[in-house]
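Q: See work36.csv below, with CSV, N, CA and C atoms.
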```csv
chain,number,residue,atom,x,y,z
A,73,MET,N,-1.4,40.5,24.5
A,73,MET,CA,-1.6,39.4,23.5
A,73,MET,C,-3.1,39.2,23.3
A,74,ASN,N,-3.4,38.9,22.0
A,74,ASN,CA,-4.8,38.7,21.8
A,74,ASN,C,-5.1,37.2,22.0
A,75,MET,N,-6.3,36.8,21.8
A,75,MET,CA,-6.8,35.4,22.1
A,75,MET,C,-6.2,34.4,21.1
A,76,LEU,N,-6.0,34.8,19.9
A,76,LEU,CA,-5.5,33.8,18.9
A,76,LEU,C,-4.0,33.5,19.2
A,77,THR,N,-3.2,34.4,19.6
A,77,THR,CA,-1.8,34.2,19.9
A,77,THR,C,-1.7,33.3,21.2
A,78,THR,N,-2.6,33.5,22.1
A,78,THR,CA,-2.6,32.7,23.4
A,78,THR,C,-2.9,31.3,23.0
A,79,ILE,N,-3.9,31.1,22.2
A,79,ILE,CA,-4.3,29.7,21.9
A,79,ILE,C,-3.2,29.0,21.1
A,80,LEU,N,-2.6,29.7,20.1
A,80,LEU,CA,-1.5,29.2,19.3
A,80,LEU,C,-0.4,28.8,20.2
A,81,ILE,N,0.0,29.6,21.2
A,81,ILE,CA,1.1,29.2,22.1
A,81,ILE,C,0.7,28.0,22.9
A,82,MET,N,-0.5,28.0,23.4
A,82,MET,CA,-0.9,26.9,24.2
A,82,MET,C,-0.9,25.6,23.5
A,83,TYR,N,-1.4,25.6,22.2
A,83,TYR,CA,-1.5,24.4,21.4
A,83,TYR,C,0.0,23.9,21.1
A,84,THR,N,0.8,24.8,20.8
A,84,THR,CA,2.2,24.5,20.5
A,84,THR,C,2.9,23.9,21.7
A,85,ALA,N,2.7,24.5,22.9
A,85,ALA,CA,3.3,23.9,24.1
A,85,ALA,C,2.8,22.5,24.4
A,86,VAL,N,1.5,22.3,24.3
A,86,VAL,CA,0.9,21.0,24.5
A,86,VAL,C,1.5,20.0,23.5
A,87,SER,N,1.6,20.4,22.3
A,87,SER,CA,2.2,19.5,21.3
A,87,SER,C,3.6,19.1,21.6
A,88,VAL,N,4.4,20.1,21.9
A,88,VAL,CA,5.8,19.8,22.3
A,88,VAL,C,5.9,18.9,23.5
A,89,ILE,N,5.1,19.2,24.5
A,89,ILE,CA,5.2,18.4,25.7
A,89,ILE,C,4.8,16.9,25.4
A,90,LEU,N,3.7,16.7,24.7
A,90,LEU,CA,3.3,15.4,24.3
A,90,LEU,C,4.4,14.6,23.5
A,91,ALA,N,5.0,15.4,22.6
A,91,ALA,CA,6.1,14.7,21.8
A,91,ALA,C,7.2,14.3,22.6
A,92,LEU,N,7.6,15.2,23.6
A,92,LEU,CA,8.8,14.8,24.4
A,92,LEU,C,8.4,13.6,25.4
A,93,VAL,N,7.2,13.6,25.9
A,93,VAL,CA,6.8,12.5,26.8
A,93,VAL,C,6.7,11.2,26.0
A,94,SER,N,6.3,11.3,24.7
A,94,SER,CA,6.2,10.1,23.9
A,94,SER,C,7.6,9.5,23.6
A,95,PHE,N,8.6,10.3,23.6
A,95,PHE,CA,10.0,9.8,23.4
A,95,PHE,C,10.6,9.3,24.7
A,96,TRP,N,10.3,9.9,25.8
A,96,TRP,CA,11.0,9.5,27.1
A,96,TRP,C,10.3,8.4,27.7
A,97,LEU,N,9.0,8.3,27.7
A,97,LEU,CA,8.2,7.3,28.4
A,97,LEU,C,8.5,5.9,28.0
A,98,PRO,N,8.7,5.5,26.8
A,98,PRO,CA,9.0,4.1,26.5
A,98,PRO,C,10.4,3.7,26.9
A,99,MET,N,11.3,4.6,27.1
A,99,MET,CA,12.7,4.2,27.5
A,99,MET,C,12.8,4.0,29.0
A,100,LEU,N,11.8,4.2,29.8
A,100,LEU,CA,12.0,4.1,31.2
A,100,LEU,C,12.2,2.7,31.7
A,101,ASN,N,11.5,1.7,31.1
A,101,ASN,CA,11.5,0.4,31.6
A,101,ASN,C,11.8,-0.7,30.5
A,102,PRO,N,12.9,-0.7,29.8
A,102,PRO,CA,13.2,-1.7,28.8
A,102,PRO,C,13.4,-3.1,29.4
A,103,ASP,N,12.8,-4.1,28.9
A,103,ASP,CA,13.1,-5.5,29.4
A,103,ASP,C,13.3,-6.4,28.1
A,104,TYR,N,13.4,-7.7,28.4
A,104,TYR,CA,13.7,-8.6,27.3
A,104,TYR,C,12.6,-8.7,26.3
A,105,GLU,N,11.3,-8.6,26.7
A,105,GLU,CA,10.2,-8.7,25.8
A,105,GLU,C,10.1,-7.5,24.9
A,106,LYS,N,10.4,-6.3,25.4
A,106,LYS,CA,10.4,-5.1,24.6
A,106,LYS,C,11.5,-5.0,23.6
A,107,LEU,N,12.7,-5.6,24.0
A,107,LEU,CA,13.8,-5.5,23.1
A,107,LEU,C,13.9,-6.6,22.1
A,108,SER,N,13.1,-7.7,22.3
A,108,SER,CA,13.2,-8.8,21.3
A,108,SER,C,12.4,-8.5,20.1
A,109,PRO,N,12.8,-9.0,18.9
A,109,PRO,CA,12.0,-8.8,17.7
A,109,PRO,C,10.7,-9.5,17.8
A,110,TYR,N,9.7,-8.9,17.2
A,110,TYR,CA,8.3,-9.5,17.2
A,110,TYR,C,8.0,-10.1,15.8
A,111,GLU,N,7.6,-11.4,15.7
A,111,GLU,CA,7.2,-12.0,14.5
A,111,GLU,C,5.9,-12.7,14.7
A,112,CYS,N,4.9,-12.0,14.7
A,112,CYS,CA,3.5,-12.6,14.8
A,112,CYS,C,3.3,-13.4,16.1
A,113,GLY,N,3.9,-13.1,17.2
A,113,GLY,CA,3.8,-13.8,18.4
A,113,GLY,C,4.7,-15.0,18.5
A,114,PHE,N,5.5,-15.4,17.5
A,114,PHE,CA,6.4,-16.5,17.6
A,114,PHE,C,7.8,-16.0,17.9
A,115,ASP,N,8.6,-16.9,18.4
A,115,ASP,CA,10.0,-16.5,18.6
A,115,ASP,C,10.7,-16.5,17.2
A,116,PRO,N,11.6,-15.6,16.9
A,116,PRO,CA,12.2,-15.5,15.6
A,116,PRO,C,12.9,-16.8,15.3
A,117,LEU,N,12.6,-17.3,14.1
A,117,LEU,CA,13.2,-18.6,13.6
A,117,LEU,C,14.2,-18.3,12.5
A,118,GLY,N,15.4,-18.6,12.6
A,118,GLY,CA,16.4,-18.5,11.5
A,118,GLY,C,16.7,-17.0,11.2
A,119,SER,N,17.3,-16.8,10.1
A,119,SER,CA,17.7,-15.5,9.7
A,119,SER,C,16.6,-14.8,9.0
A,120,ALA,N,16.6,-13.5,9.2
A,120,ALA,CA,15.5,-12.7,8.5
A,120,ALA,C,16.0,-12.2,7.1
A,121,ARG,N,17.2,-12.6,6.7
A,121,ARG,CA,17.7,-12.2,5.4
A,121,ARG,C,17.6,-13.3,4.4
A,122,LEU,N,16.7,-14.3,4.6
A,122,LEU,CA,16.5,-15.3,3.6
A,122,LEU,C,15.8,-14.7,2.3
A,123,PRO,N,16.2,-15.1,1.1
A,123,PRO,CA,15.5,-14.5,0.0
A,123,PRO,C,14.1,-15.1,-0.2
A,124,PHE,N,13.2,-14.2,-0.8
A,124,PHE,CA,11.9,-14.7,-1.1
A,124,PHE,C,11.9,-15.3,-2.5
A,125,SER,N,10.9,-16.1,-2.7
A,125,SER,CA,10.7,-16.7,-4.0
A,125,SER,C,10.1,-15.6,-4.9
A,126,MET,N,10.5,-15.6,-6.2
A,126,MET,CA,10.0,-14.6,-7.1
A,126,MET,C,8.5,-14.9,-7.4
A,127,ARG,N,8.0,-16.0,-7.0
A,127,ARG,CA,6.6,-16.3,-7.2
A,127,ARG,C,5.7,-15.3,-6.4
A,128,PHE,N,6.2,-15.0,-5.2
A,128,PHE,CA,5.4,-14.1,-4.3
A,128,PHE,C,5.4,-12.7,-4.9
A,129,PHE,N,6.5,-12.3,-5.5
A,129,PHE,CA,6.5,-11.0,-6.1
A,129,PHE,C,5.6,-11.0,-7.4
A,130,LEU,N,5.6,-12.1,-8.1
A,130,LEU,CA,4.8,-12.2,-9.3
A,130,LEU,C,3.3,-12.1,-9.0
A,131,VAL,N,2.9,-12.8,-7.9
A,131,VAL,CA,1.5,-12.8,-7.5
A,131,VAL,C,1.1,-11.4,-7.0
A,132,ALA,N,2.0,-10.8,-6.3
A,132,ALA,CA,1.8,-9.4,-5.8
A,132,ALA,C,1.6,-8.4,-6.9
A,133,ILE,N,2.5,-8.5,-7.9
A,133,ILE,CA,2.4,-7.6,-9.0
A,133,ILE,C,1.1,-7.8,-9.8
A,134,LEU,N,0.8,-9.1,-10.1
A,134,LEU,CA,-0.5,-9.3,-10.8
A,134,LEU,C,-1.7,-8.9,-10.0
A,135,PHE,N,-1.7,-9.1,-8.7
A,135,PHE,CA,-2.8,-8.6,-7.9
A,135,PHE,C,-2.9,-7.1,-8.0
A,136,LEU,N,-1.8,-6.3,-7.9
A,136,LEU,CA,-1.8,-4.9,-7.9
A,136,LEU,C,-2.3,-4.4,-9.3
A,137,LEU,N,-1.9,-5.1,-10.4
A,137,LEU,CA,-2.2,-4.7,-11.7
A,137,LEU,C,-3.8,-4.9,-11.9
A,138,PHE,N,-4.3,-6.0,-11.5
A,138,PHE,CA,-5.7,-6.2,-11.7
A,138,PHE,C,-6.6,-5.5,-10.7
A,139,ASP,N,-6.0,-5.2,-9.5
A,139,ASP,CA,-6.7,-4.4,-8.6
A,139,ASP,C,-6.8,-2.9,-9.1
A,140,LEU,N,-5.8,-2.5,-9.7
A,140,LEU,CA,-5.8,-1.2,-10.3
A,140,LEU,C,-6.8,-1.1,-11.5
A,141,GLU,N,-6.9,-2.2,-12.2
A,141,GLU,CA,-7.8,-2.2,-13.3
A,141,GLU,C,-9.3,-2.1,-12.8
A,142,ILE,N,-9.6,-2.8,-11.7
A,142,ILE,CA,-10.9,-2.7,-11.1
A,142,ILE,C,-11.1,-1.3,-10.6
A,143,ALA,N,-10.1,-0.7,-10.0
A,143,ALA,CA,-10.3,0.7,-9.4
A,143,ALA,C,-10.5,1.7,-10.5
A,144,LEU,N,-9.9,1.5,-11.7
A,144,LEU,CA,-10.1,2.4,-12.8
A,144,LEU,C,-11.4,2.2,-13.5
A,145,LEU,N,-12.0,1.0,-13.4
A,145,LEU,CA,-13.2,0.7,-14.1
A,145,LEU,C,-14.4,0.9,-13.2
A,146,LEU,N,-14.2,1.1,-11.9
A,146,LEU,CA,-15.3,1.3,-11.0
A,146,LEU,C,-16.2,2.4,-11.3
A,147,PRO,N,-15.8,3.6,-11.7
A,147,PRO,CA,-16.7,4.7,-12.0
A,147,PRO,C,-17.4,4.5,-13.4
A,148,LEU,N,-17.1,3.5,-14.1
A,148,LEU,CA,-17.6,3.3,-15.5
A,148,LEU,C,-19.2,3.3,-15.6
A,149,PRO,N,-19.9,2.7,-14.6
A,149,PRO,CA,-21.4,2.8,-14.7
A,149,PRO,C,-21.9,4.3,-14.6
A,150,TRP,N,-21.2,5.1,-13.9
A,150,TRP,CA,-21.7,6.5,-13.8
A,150,TRP,C,-21.4,7.3,-15.1
A,151,GLY,N,-20.5,6.7,-16.0
A,151,GLY,CA,-20.2,7.3,-17.2
A,151,GLY,C,-21.4,7.3,-18.2
A,152,ASN,N,-22.4,6.5,-17.9
A,152,ASN,CA,-23.6,6.4,-18.7
A,152,ASN,C,-24.4,7.7,-18.6
A,153,HIS,N,-24.3,8.5,-17.5
A,153,HIS,CA,-25.0,9.7,-17.2
A,153,HIS,C,-24.3,10.9,-17.8
A,154,LEU,N,-23.2,10.8,-18.4
A,154,LEU,CA,-22.5,11.9,-18.9
A,154,LEU,C,-23.1,12.3,-20.3
A,155,PRO,N,-22.9,13.6,-20.7
A,155,PRO,CA,-23.5,14.0,-22.0
A,155,PRO,C,-23.0,13.2,-23.2
A,156,ASN,N,-21.7,12.7,-23.1
A,156,ASN,CA,-21.1,11.9,-24.1
A,156,ASN,C,-20.5,10.7,-23.5
A,157,PRO,N,-21.3,9.6,-23.3
A,157,PRO,CA,-20.7,8.5,-22.6
A,157,PRO,C,-19.7,7.7,-23.4
A,158,LEU,N,-19.7,7.9,-24.7
A,158,LEU,CA,-18.8,7.1,-25.6
A,158,LEU,C,-17.3,7.4,-25.2
A,159,ILE,N,-17.0,8.6,-24.7
A,159,ILE,CA,-15.6,9.0,-24.4
A,159,ILE,C,-15.2,8.2,-23.2
A,160,SER,N,-16.0,8.1,-22.1
A,160,SER,CA,-15.5,7.3,-21.0
A,160,SER,C,-15.4,5.8,-21.3
A,161,PHE,N,-16.3,5.3,-22.1
A,161,PHE,CA,-16.2,3.9,-22.5
A,161,PHE,C,-15.0,3.6,-23.4
A,162,SER,N,-14.7,4.6,-24.2
A,162,SER,CA,-13.5,4.3,-25.1
A,162,SER,C,-12.2,4.4,-24.2
A,163,TRP,N,-12.1,5.3,-23.2
A,163,TRP,CA,-11.0,5.3,-22.3
A,163,TRP,C,-10.9,4.0,-21.5
A,164,ALA,N,-12.0,3.5,-21.0
A,164,ALA,CA,-12.0,2.2,-20.3
A,164,ALA,C,-11.6,1.1,-21.2
A,165,SER,N,-12.1,1.1,-22.4
A,165,SER,CA,-11.7,0.0,-23.4
A,165,SER,C,-10.2,0.1,-23.6
A,166,LEU,N,-9.7,1.3,-23.8
A,166,LEU,CA,-8.2,1.5,-24.0
A,166,LEU,C,-7.4,0.9,-22.8
A,167,VAL,N,-7.8,1.2,-21.6
A,167,VAL,CA,-7.2,0.6,-20.4
A,167,VAL,C,-7.2,-0.9,-20.4
A,168,LEU,N,-8.4,-1.4,-20.7
A,168,LEU,CA,-8.5,-2.9,-20.7
A,168,LEU,C,-7.7,-3.5,-21.8
A,169,ILE,N,-7.6,-2.9,-23.0
A,169,ILE,CA,-6.8,-3.4,-24.1
A,169,ILE,C,-5.3,-3.4,-23.8
A,170,LEU,N,-4.9,-2.3,-23.2
A,170,LEU,CA,-3.4,-2.2,-22.8
A,170,LEU,C,-3.1,-3.2,-21.7
A,171,LEU,N,-3.9,-3.4,-20.7
A,171,LEU,CA,-3.6,-4.4,-19.7
A,171,LEU,C,-3.7,-5.8,-20.3
A,172,THR,N,-4.6,-6.1,-21.2
A,172,THR,CA,-4.7,-7.4,-21.8
A,172,THR,C,-3.5,-7.7,-22.7
A,173,LEU,N,-3.0,-6.7,-23.4
A,173,LEU,CA,-1.8,-6.8,-24.3
A,173,LEU,C,-0.6,-7.0,-23.4
A,174,GLY,N,-0.5,-6.3,-22.3
A,174,GLY,CA,0.6,-6.6,-21.4
A,174,GLY,C,0.6,-7.9,-20.8
A,175,LEU,N,-0.5,-8.4,-20.4
A,175,LEU,CA,-0.6,-9.8,-19.9
A,175,LEU,C,-0.3,-10.8,-20.9
A,176,ILE,N,-0.7,-10.6,-22.2
A,176,ILE,CA,-0.4,-11.6,-23.2
A,176,ILE,C,1.1,-11.6,-23.5
A,177,TYR,N,1.7,-10.4,-23.5
A,177,TYR,CA,3.2,-10.3,-23.7
A,177,TYR,C,3.9,-11.0,-22.6
A,178,GLU,N,3.5,-10.8,-21.3
A,178,GLU,CA,4.2,-11.5,-20.2
A,178,GLU,C,4.0,-13.0,-20.4
A,179,TRP,N,2.9,-13.4,-20.8
A,179,TRP,CA,2.6,-14.8,-20.9
A,179,TRP,C,3.5,-15.5,-22.0
A,180,LEU,N,3.6,-14.8,-23.1
A,180,LEU,CA,4.4,-15.3,-24.2
A,180,LEU,C,5.9,-15.3,-23.9
A,181,GLN,N,6.3,-14.3,-23.1
A,181,GLN,CA,7.7,-14.2,-22.7
A,181,GLN,C,8.1,-15.2,-21.6
A,182,GLY,N,7.1,-15.9,-21.0
A,182,GLY,CA,7.4,-16.9,-20.0
A,182,GLY,C,7.4,-16.3,-18.6
A,183,GLY,N,7.0,-15.1,-18.5
A,183,GLY,CA,7.0,-14.4,-17.1
A,183,GLY,C,6.0,-14.9,-16.1
A,184,LEU,N,5.1,-15.7,-16.6
A,184,LEU,CA,4.0,-16.2,-15.7
A,184,LEU,C,4.3,-17.7,-15.4
A,185,GLU,N,5.4,-18.3,-15.8
A,185,GLU,CA,5.7,-19.7,-15.5
A,185,GLU,C,6.0,-19.9,-14.0
A,186,TRP,N,5.4,-20.8,-13.4
A,186,TRP,CA,5.7,-21.1,-12.0
A,186,TRP,C,6.9,-22.0,-11.8
A,187,ALA,N,7.2,-22.9,-12.7
A,187,ALA,CA,8.4,-23.7,-12.6
A,187,ALA,C,9.5,-23.2,-13.5
A,188,GLU,N,10.7,-23.3,-13.0
A,188,GLU,CA,11.8,-22.8,-13.7
A,188,GLU,C,12.6,-24.0,-14.4
```
Could you quickly redo this structure as structure tokens?
A:
Amino acid sequence: MNMLTTILIMYTAVSVILALVSFWLPMLNPDYEKLSPYECGFDPLGSARLPFSMRFFLVAILFLLFDLEIALLLPLPWGNHLPNPLISFSWASLVLILLTLGLIYEWLQGGLEWAE
């Protein structure tokens, strides 16, 4: 066998041994603390199946939307150094216009109302 085959077999054997040990080792000593659900250091209170308010989802979606907007506009200052910076600025303007139109539409439809 050449050196590459030996190293490949050795790496595979070590990987398989570590994977098997990682599955068997935690099962050796289960106790109450390991088997209980963990909720930020507190004992679980009530059912975990309670519905969330839609306000949380609304805030999360708005955060993701405007976080995406910032991520898309972040390289915009470097667009100044391109041979034709008008193209990058027009694409950025298009993204801003589409997001603003979507926000206005949601606002007019009542999707941003906190009280029902």
Q: I'd like the interatomic distance between atom N of Met126 (chain A) and atom N of Glu185 (chain A), to a tenth of an Å.
A: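 Interatomic distance here is 11.2 Å.
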Q: Hey, can you check how far CA of Phe128 (chain A) sits from CA of Gly182 (chain A)?
A: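 So the two atoms, CA of Phe128 (chain A) and CA of Gly182 (chain A), lie 16.1 Å apart.
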Q: Determine the nearest neighbour of Leu171 (chain A) from the options A:Val93, A:Leu145, A:Leu184, A:Leu137, counting all atoms listed in the file.
A: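 Distance minimum relative to Leu171 (chain A) lands on A:Leu137.
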Q: Take atom N of Gly174 (chain A) and CA of Leu148 (chain A) and report the distance between them in Å, one decimal.
A: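 Atom-to-atom, atom N of Gly174 (chain A) to CA of Leu148 (chain A), that is 20.8 Å.
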